[in-house]
Amino acid sequence: MTVVAFAVAGRRIWWLYRLVRTGQPASGRLDGIGERVRAELSEVFGQRKLLKWSVPGLAHFFTFWGFLVLGATILEAYGALFAEDFAIPLIGHARWLGFLEDFFALAVLVALVTFAVIRVRQAPARRQRASRFYGSHTGAAWVILGLIAAVVVTLLLYRGAQVNTGNFPYGRSKWAFASYGVSKLFSGLSVGVNQVIETVFILGQIGVILAFLVVVVYSKHLHIGLAPVNVVTKRTPDALGPLLPMESGGKPIDFEDPGEDDIFGRGKVEDFTWKGMLDFATCTECGRCQDQCPAWNTGKPLSPKLVIMDLRDHLFAKAPYLLGAAPEAKAATGIDEAGQGEETHGHVPESGFGRVPGAGPAQAERPLVGTLAEGGVIDPDVLWSCTTCGACVEQCPVDIEHVDHILDMRRFQVLVESSFPSEAGVMLRNLESKGNPWGGNPAARDEWTQGLGFDVRRVEGEIPADVDYLFWVGCAGAYDDRAKKTTRAVATLLKTAGVEFAILGSGETCTGDPARRLGNEFVFQMLGQANVETLNGTFGETAAKKIVTTCPHCLNTLANEYPQLGGNYDVIHHTQLLDRLVSEGRLTPVQPIDELVTYHDPCYLGRHNKVYTPPREVLASVPSLRTTEMHRCRERGFCCGAGGARMWMEEKIGKRINVERTDEALGTDASIISTACPFCITMLSDAVTAKQQSGEARAEVEVLDVSQILLRSLQPATTADGE
Ligand code: SF4
Ligand code: SF4
């Protein structure tokens, strides 16, 4: 029985190994091994990400550790087949081991009940899209829960009988308290009957474990084996971070002279790297990503979970072609690749995979991204709904990199197919011709400085030694009327605090972030290289290349992505600098502001760069200002809807994301909605204005940058906002 089960499971594991090996090379996945070991310890053994959801997290924690500890009981069960009083050498009679085994056996049972309750309460049949399990294989999950329960029950039954037959490695010790308790159930039976119970349930337990082994490798519970590998090979230092450069065959593409065979993005499932394929196979279908996704939560067809599941099922169904076998030799593919079972997500309308079931030639020939009529695995509406907010990556307990995969598919669509929402084309043309997405006059970049009441220094040539910070204004800060108020407020505050700063004026162009998030790496490279050349020339040999910016998207690109182009700078967000200036006493808010404020975390400041506290500290420094949090805040903050170049696309499906977020902010009863990103300001202001016009929001509600509030507290109201 054992040999057969291992052979069946081994065949599947070998098949998976060969399939993942067909992926493109992925560079640097074992660099910085110390950090990887730390990630493994904290995320796999410490279950750090799972514990963010306390109840299911704790249940999973005990199940995971139960698996490890109860490994000893599997040895004991096999040993008992050969010697009825078998004990593990050296530690086999230690009472603490008996206690641990029993404790985790019971803990796993409690965890299973918890999982069952969660699954009933979250039943997708009843809650539909509101359930995080919507689209998951719920039937398989129940089978696994049943098998684990059977493992624990058979374990306790044979151990209880062993206590009575005298074969129990821990004797009649009450340390193995659960086994001792079960033994009382059988104490009225003869030794012979207890021996029968012992034998039957030892064999029963081994049978269940072997069945579990086979079911696991053929189901979504593959993650039990794959998650540790996926975590150790994840992006470091964090799954969020810079978008990776475009690589083909494991090498960065030279956009000035691309190779003839270079693959631009992912146009077929086999274009993904082995790490991408490992991601697909590792998904546990837990739905934490789906639950947090702003697109999914506002009625759009994008669910990060379904994207990963669809890619996985398509990969598995196409495997015979990738492995060079005939289509009919598809025996070991596994997870409902035909999408035909009652419980499969093939019945979920948002899933593109189910459009072409089976592993026939049509599966191999279908487009990776395409409409229903085209039989696409991923629908264009799914692909273009993503705001790249990173909530999915932040939540995923097995470190799947959804945003990278979505962006890689966008890259192919834009660079090879020239297929993207037409509205975004205007933005791209403006970037190429004017260096900013709004199409503003490049010479007007510093018009925001007019009427400030002091001169703003412009850098010409190398930056003077007495300048503390280069102020990177950004396109929104230079051209958008609402964002210009933030720019002026920050300039005024820096001037007040005695910080020497200077701007590039018309020497600045867009960082290229919107082009990159749209998938147009070519335009990003063009703009990025120009900016890096300018900045490197500006800083010259200066050791401290310090930049302050009000835009989290500029911050992310300058700090995290320009190193890919040879630009290394010390970049700080204005809220971080203002927080420091307040704590050093260089800015002292004195004017009381008797209002209630709620702070909205911009995704590219919070999740992408982990700046959560400084803006809150600045608000806390303002006299009389009261603060309240929305229920989705900090790591779980909800996007405003503008990231991922969505700022320049129409939002045609479902509820508008900015309206959803504004509803949440208004629900706190705050009179000020504060944030720290020009895009968030625009999105939230638009929604508040619309709600005020329709009478759904109080007229006095304002959307303000943190800096504007601080400035109000420094100055009499008449000179607020840097005006
Ligand atoms: S990045 Fe945000 S919008 Fe995109 S799939 Fe993930 S959670 Fe959804
Ligand atoms: S991608 Fe991650 S968070 Fe989403 S369902 Fe799969 S395992 Fe869960």
# chains A, B, ... in the order shown; residues from 1 in each chain; ligands from 1
>>> residues_near_ligand(ligand="ligand 2", cutoff="6 Å", atoms="only C-alpha atoms and all ligand atoms", output="list in words")
Cys283, Thr284, Glu285, Cys286, Gly287, Arg288, Cys289, Lys305, Gln395, Cys396, Pro397, Val398 and Ile400 of chain A
>>> residues_around(residues="stretch 442-454 of chain A", least_positions_apart="2", cutoff="12 Å", atoms="only C-alpha atoms", output="ChimeraX atom specification")
/A:430-440,456-458,471-496,502-510,719-723
>>> closest_residue(among="A:Leu619, A:Ile118, A:Val523, A:Leu240", to="ligand 1", atoms="only C-alpha atoms and all ligand atoms")
A:Leu240
>>> closest_atom_pairs(of="chain A", to="ligand 1", cutoff="8 Å", atoms="only C-alpha atoms and all ligand atoms", output="CSV")
residue,atom,partner,partner_atom_place_in_ligand_line,distance
A:Cys289,CA,ligand 1,7 (S),6.2
A:Gln290,CA,ligand 1,7 (S),6.9
A:Gln292,CA,ligand 1,7 (S),6.0
A:Cys293,CA,ligand 1,7 (S),3.6
A:Pro294,CA,ligand 1,3 (S),5.4
A:Ala295,CA,ligand 1,3 (S),5.2
A:Trp296,CA,ligand 1,8 (Fe),6.7
A:Leu302,CA,ligand 1,5 (S),6.6
A:Ser303,CA,ligand 1,5 (S),6.1
A:Pro304,CA,ligand 1,5 (S),4.5
A:Ser385,CA,ligand 1,3 (S),6.7
A:Cys386,CA,ligand 1,4 (Fe),3.7
A:Thr387,CA,ligand 1,3 (S),4.4
A:Thr388,CA,ligand 1,1 (S),3.6
A:Cys389,CA,ligand 1,2 (Fe),4.0
A:Gly390,CA,ligand 1,1 (S),4.0
A:Ala391,CA,ligand 1,7 (S),4.3
A:Cys392,CA,ligand 1,7 (S),4.2
A:Val393,CA,ligand 1,6 (Fe),6.5
A:His402,CA,ligand 1,6 (Fe),6.3
A:Val403,CA,ligand 1,1 (S),5.4
A:Ile406,CA,ligand 1,5 (S),7.7
A:Cys639,CA,ligand 1,2 (Fe),7.4
>>> select_by_dssp(residues="stretch 212-260 of chain A", states="helix (DSSP H, G or I)", output="VMD selection string")
chain A and resid 212 to 217 220 to 232
>>> write_last_selection(atoms="N, CA and C atoms", output="JSON list (two decimals), in the first residue's frame")
[["chain", "number", "residue", "atom", "x", "y", "z"],
["A", 212, "PHE", "N", -4.21, 10.65, 2.03],
["A", 212, "PHE", "CA", -3.98, 12.09, 2.16],
["A", 212, "PHE", "C", -2.81, 12.52, 1.27],
["A", 213, "LEU", "N", -1.74, 11.72, 1.29],
["A", 213, "LEU", "CA", -0.56, 12.05, 0.49],
["A", 213, "LEU", "C", -0.93, 12.16, -0.99],
["A", 214, "VAL", "N", -1.71, 11.20, -1.46],
["A", 214, "VAL", "CA", -2.07, 11.20, -2.88],
["A", 214, "VAL", "C", -3.01, 12.37, -3.20],
["A", 215, "VAL", "N", -4.01, 12.57, -2.33],
["A", 215, "VAL", "CA", -4.97, 13.66, -2.58],
["A", 215, "VAL", "C", -4.25, 15.01, -2.56],
["A", 216, "VAL", "N", -3.31, 15.17, -1.64],
["A", 216, "VAL", "CA", -2.61, 16.46, -1.53],
["A", 216, "VAL", "C", -1.88, 16.80, -2.82],
["A", 217, "VAL", "N", -1.16, 15.86, -3.38],
["A", 217, "VAL", "CA", -0.36, 16.22, -4.56],
["A", 217, "VAL", "C", -1.21, 16.37, -5.82],
["A", 220, "LYS", "N", -5.35, 21.35, -4.63],
["A", 220, "LYS", "CA", -4.81, 22.66, -4.26],
["A", 220, "LYS", "C", -3.96, 22.58, -3.00],
["A", 221, "HIS", "N", -4.08, 21.46, -2.27],
["A", 221, "HIS", "CA", -3.27, 21.32, -1.06],
["A", 221, "HIS", "C", -1.82, 20.98, -1.35],
["A", 222, "LEU", "N", -1.49, 21.04, -2.64],
["A", 222, "LEU", "CA", -0.10, 21.01, -3.05],
["A", 222, "LEU", "C", 0.74, 22.01, -2.27],
["A", 223, "HIS", "N", 0.06, 23.06, -1.81],
["A", 223, "HIS", "CA", 0.81, 24.14, -1.13],
["A", 223, "HIS", "C", 1.55, 23.62, 0.10],
["A", 224, "ILE", "N", 1.10, 22.49, 0.66],
["A", 224, "ILE", "CA", 1.78, 21.95, 1.84],
["A", 224, "ILE", "C", 3.25, 21.69, 1.50],
["A", 225, "GLY", "N", 3.49, 21.21, 0.30],
["A", 225, "GLY", "CA", 4.88, 20.96, -0.10],
["A", 225, "GLY", "C", 5.51, 22.13, -0.82],
["A", 226, "LEU", "N", 4.70, 22.89, -1.59],
["A", 226, "LEU", "CA", 5.29, 23.93, -2.44],
["A", 226, "LEU", "C", 5.48, 25.26, -1.73],
["A", 227, "ALA", "N", 4.65, 25.55, -0.72],
["A", 227, "ALA", "CA", 4.73, 26.87, -0.08],
["A", 227, "ALA", "C", 6.13, 27.16, 0.48],
["A", 228, "PRO", "N", 6.77, 26.21, 1.17],
["A", 228, "PRO", "CA", 8.11, 26.52, 1.67],
["A", 228, "PRO", "C", 9.09, 26.86, 0.54],
["A", 229, "VAL", "N", 8.94, 26.21, -0.61],
["A", 229, "VAL", "CA", 9.84, 26.51, -1.74],
["A", 229, "VAL", "C", 9.50, 27.88, -2.32],
["A", 230, "ASN", "N", 8.21, 28.17, -2.41],
["A", 230, "ASN", "CA", 7.80, 29.45, -2.98],
["A", 230, "ASN", "C", 8.24, 30.61, -2.09],
["A", 231, "VAL", "N", 8.15, 30.42, -0.79],
["A", 231, "VAL", "CA", 8.55, 31.49, 0.13],
["A", 231, "VAL", "C", 10.05, 31.73, 0.06],
["A", 232, "VAL", "N", 10.83, 30.66, 0.00],
["A", 232, "VAL", "CA", 12.28, 30.83, 0.02],
["A", 232, "VAL", "C", 12.78, 31.44, -1.29]]
>>> closest_residue(among="A:Lys545, A:Arg429, A:Lys234, A:Lys691", to="A:Val37", atoms="only C-alpha atoms")
A:Lys234
